[in-house]
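Reading through the structure tokens given below for one structure.
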Amino acid sequence: MCDTCFSLEHEWFTASGLGRVHSWTVCHHAFHRGFASLAPYVLLTVDLAEGVRMVAPLVVPDAGRLAIGHPV
């Protein structure tokens, strides 16, 4: 959903994968038992270079080095 006009229209595109950290959280309790063996894990909110904000797991779990605006 568009955060400006709330439109549900969308299009698929290939993203570069480059962006900056918007926020993150360390999940100590899995939201689903299928992820329990991964806890604790880090979920990032990332602003992609293409202007899209997405949530993704941190591949190399080093939350101690994260900072708002950090390139990913």
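Order determines the names: the first chain of the structure tokens is A, the second B, and so forth; residues in each chain are numbered 1 upward, and ligands are numbered 1 upward as they are shown.
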Find the residues around region 29-43 of chain A up to 6 Å (only C-alpha atoms counted), leave out those fewer than 6 positions away in its own chain, and share them as an mmCIF file with N, CA and C atoms, in the first residue's frame.
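To be explicit, this is the file written out as selection-v8.cif:
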data_model
loop_
_atom_site.group_PDB
_atom_site.id
_atom_site.type_symbol
_atom_site.label_atom_id
_atom_site.label_comp_id
_atom_site.auth_asym_id
_atom_site.auth_seq_id
_atom_site.Cartn_x
_atom_site.Cartn_y
_atom_site.Cartn_z
ATOM 1 N N ALA A 56 13.287 -7.408 6.259
ATOM 2 C CA ALA A 56 14.032 -8.609 5.914
ATOM 3 C C ALA A 56 14.889 -9.029 7.100
ATOM 4 N N PRO A 57 15.194 -10.323 7.187
ATOM 5 C CA PRO A 57 16.084 -10.762 8.264
ATOM 6 C C PRO A 57 17.522 -10.337 7.972
ATOM 7 N N LEU A 58 18.266 -10.044 9.023
ATOM 8 C CA LEU A 58 19.680 -9.721 8.879
ATOM 9 C C LEU A 58 20.427 -11.016 8.632
#
List every residue of chain A that DSSP, applied to the backbone of this structure, places in strand (DSSP E or B), and write the result as a PyMOL selection string.
chain A and resi 19-27+41-48+53-57+71
Can you pull out every residue within 6 Å of Val72 (chain A), counting only C-alpha atoms, but drop anything in the same chain fewer than 4 positions away, and send it as a VMD selection string?
chain A and resid 18 to 20
DSSP says helix (DSSP H, G or I) for which residues of chain A? Put them as a PyMOL selection string?
chain A and resi 33-38+63-65
For all heavy atoms, I'd like the residues from the last selection saved as a PDB file, in the first residue's frame.
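The result, written out as result_22.pdb:
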ATOM      1  N   ARG A  33       6.444 -20.975  15.577  1.00  0.00           N
ATOM      2  CA  ARG A  33       7.355 -22.020  16.062  1.00  0.00           C
ATOM      3  C   ARG A  33       8.369 -22.470  15.007  1.00  0.00           C
ATOM      4  O   ARG A  33       9.420 -22.988  15.344  1.00  0.00           O
ATOM      5  CB  ARG A  33       6.560 -23.191  16.600  1.00  0.00           C
ATOM      6  CG  ARG A  33       5.745 -23.894  15.554  1.00  0.00           C
ATOM      7  CD  ARG A  33       4.955 -25.024  16.139  1.00  0.00           C
ATOM      8  NE  ARG A  33       4.012 -25.487  15.125  1.00  0.00           N
ATOM      9  CZ  ARG A  33       2.996 -26.233  15.369  1.00  0.00           C
ATOM     10  NH1 ARG A  33       2.775 -26.649  16.580  1.00  0.00           N
ATOM     11  NH2 ARG A  33       2.190 -26.589  14.401  1.00  0.00           N
ATOM     12  N   GLY A  34       8.067 -22.238  13.740  1.00  0.00           N
ATOM     13  CA  GLY A  34       9.014 -22.592  12.681  1.00  0.00           C
ATOM     14  C   GLY A  34      10.298 -21.768  12.728  1.00  0.00           C
ATOM     15  O   GLY A  34      11.309 -22.153  12.149  1.00  0.00           O
ATOM     16  N   PHE A  35      10.269 -20.622  13.432  1.00  0.00           N
ATOM     17  CA  PHE A  35      11.434 -19.754  13.542  1.00  0.00           C
ATOM     18  C   PHE A  35      12.094 -19.848  14.914  1.00  0.00           C
ATOM     19  O   PHE A  35      13.068 -19.157  15.190  1.00  0.00           O
ATOM     20  CB  PHE A  35      11.038 -18.298  13.267  1.00  0.00           C
ATOM     21  CG  PHE A  35      10.574 -18.074  11.861  1.00  0.00           C
ATOM     22  CD1 PHE A  35       9.234 -18.196  11.538  1.00  0.00           C
ATOM     23  CD2 PHE A  35      11.474 -17.738  10.870  1.00  0.00           C
ATOM     24  CE1 PHE A  35       8.798 -17.995  10.238  1.00  0.00           C
ATOM     25  CE2 PHE A  35      11.044 -17.532   9.576  1.00  0.00           C
ATOM     26  CZ  PHE A  35       9.704 -17.666   9.253  1.00  0.00           C
ATOM     27  N   ALA A  36      11.564 -20.698  15.788  1.00  0.00           N
ATOM     28  CA  ALA A  36      12.060 -20.785  17.168  1.00  0.00           C
ATOM     29  C   ALA A  36      13.543 -21.132  17.237  1.00  0.00           C
ATOM     30  O   ALA A  36      14.269 -20.605  18.078  1.00  0.00           O
ATOM     31  CB  ALA A  36      11.232 -21.790  17.954  1.00  0.00           C
ATOM     32  N   SER A  37      14.014 -21.986  16.358  1.00  0.00           N
ATOM     33  CA  SER A  37      15.430 -22.381  16.400  1.00  0.00           C
ATOM     34  C   SER A  37      16.357 -21.252  15.968  1.00  0.00           C
ATOM     35  O   SER A  37      17.556 -21.313  16.213  1.00  0.00           O
ATOM     36  CB  SER A  37      15.667 -23.615  15.525  1.00  0.00           C
ATOM     37  OG  SER A  37      15.433 -23.302  14.167  1.00  0.00           O
ATOM     38  N   LEU A  38      15.813 -20.214  15.322  1.00  0.00           N
ATOM     39  CA  LEU A  38      16.624 -19.091  14.856  1.00  0.00           C
ATOM     40  C   LEU A  38      16.762 -17.985  15.904  1.00  0.00           C
ATOM     41  O   LEU A  38      17.624 -17.120  15.784  1.00  0.00           O
ATOM     42  CB  LEU A  38      16.024 -18.495  13.587  1.00  0.00           C
ATOM     43  CG  LEU A  38      15.875 -19.438  12.404  1.00  0.00           C
ATOM     44  CD1 LEU A  38      15.155 -18.734  11.269  1.00  0.00           C
ATOM     45  CD2 LEU A  38      17.228 -19.956  11.957  1.00  0.00           C
ATOM     46  N   ALA A  63      23.901  -7.358  15.331  1.00  0.00           N
ATOM     47  CA  ALA A  63      23.104  -6.169  15.635  1.00  0.00           C
ATOM     48  C   ALA A  63      23.917  -5.102  16.348  1.00  0.00           C
ATOM     49  O   ALA A  63      23.560  -3.930  16.313  1.00  0.00           O
ATOM     50  CB  ALA A  63      21.904  -6.553  16.491  1.00  0.00           C
ATOM     51  N   GLY A  64      25.019  -5.463  16.948  1.00  0.00           N
ATOM     52  CA  GLY A  64      25.846  -4.496  17.646  1.00  0.00           C
ATOM     53  C   GLY A  64      26.476  -3.456  16.747  1.00  0.00           C
ATOM     54  O   GLY A  64      26.874  -2.382  17.184  1.00  0.00           O
ATOM     55  N   ARG A  65      26.566  -3.729  15.451  1.00  0.00           N
ATOM     56  CA  ARG A  65      27.178  -2.819  14.497  1.00  0.00           C
ATOM     57  C   ARG A  65      26.147  -2.029  13.691  1.00  0.00           C
ATOM     58  O   ARG A  65      26.507  -1.235  12.835  1.00  0.00           O
ATOM     59  CB  ARG A  65      28.095  -3.593  13.544  1.00  0.00           C
ATOM     60  CG  ARG A  65      29.274  -4.226  14.274  1.00  0.00           C
ATOM     61  CD  ARG A  65      30.223  -4.925  13.342  1.00  0.00           C
ATOM     62  NE  ARG A  65      30.710  -3.986  12.330  1.00  0.00           N
ATOM     63  CZ  ARG A  65      31.081  -4.349  11.099  1.00  0.00           C
ATOM     64  NH1 ARG A  65      31.023  -5.592  10.736  1.00  0.00           N
ATOM     65  NH2 ARG A  65      31.514  -3.461  10.250  1.00  0.00           N
TER      66      ARG A  65
END
What is the distance between CA of Pro71 (chain A) and CA of Asp3 (chain A), in Å to one decimal?
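Between CA of Pro71 (chain A) and CA of Asp3 (chain A) the gap is 22.6 Å.
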For Arg53 (chain A): contacts at 12 Å, only C-alpha atoms, fewer than 4 positions along chain excluded, given as number ranges by chain:
A: 1-3, 15, 17-23, 44-49
So the first atom is CA of Leu66 (chain A) and the second is CA of His28 (chain A); what is the distance between them in Å, to one decimal place?
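Between CA of Leu66 (chain A) and CA of His28 (chain A) the gap works out to 17.1 Å.
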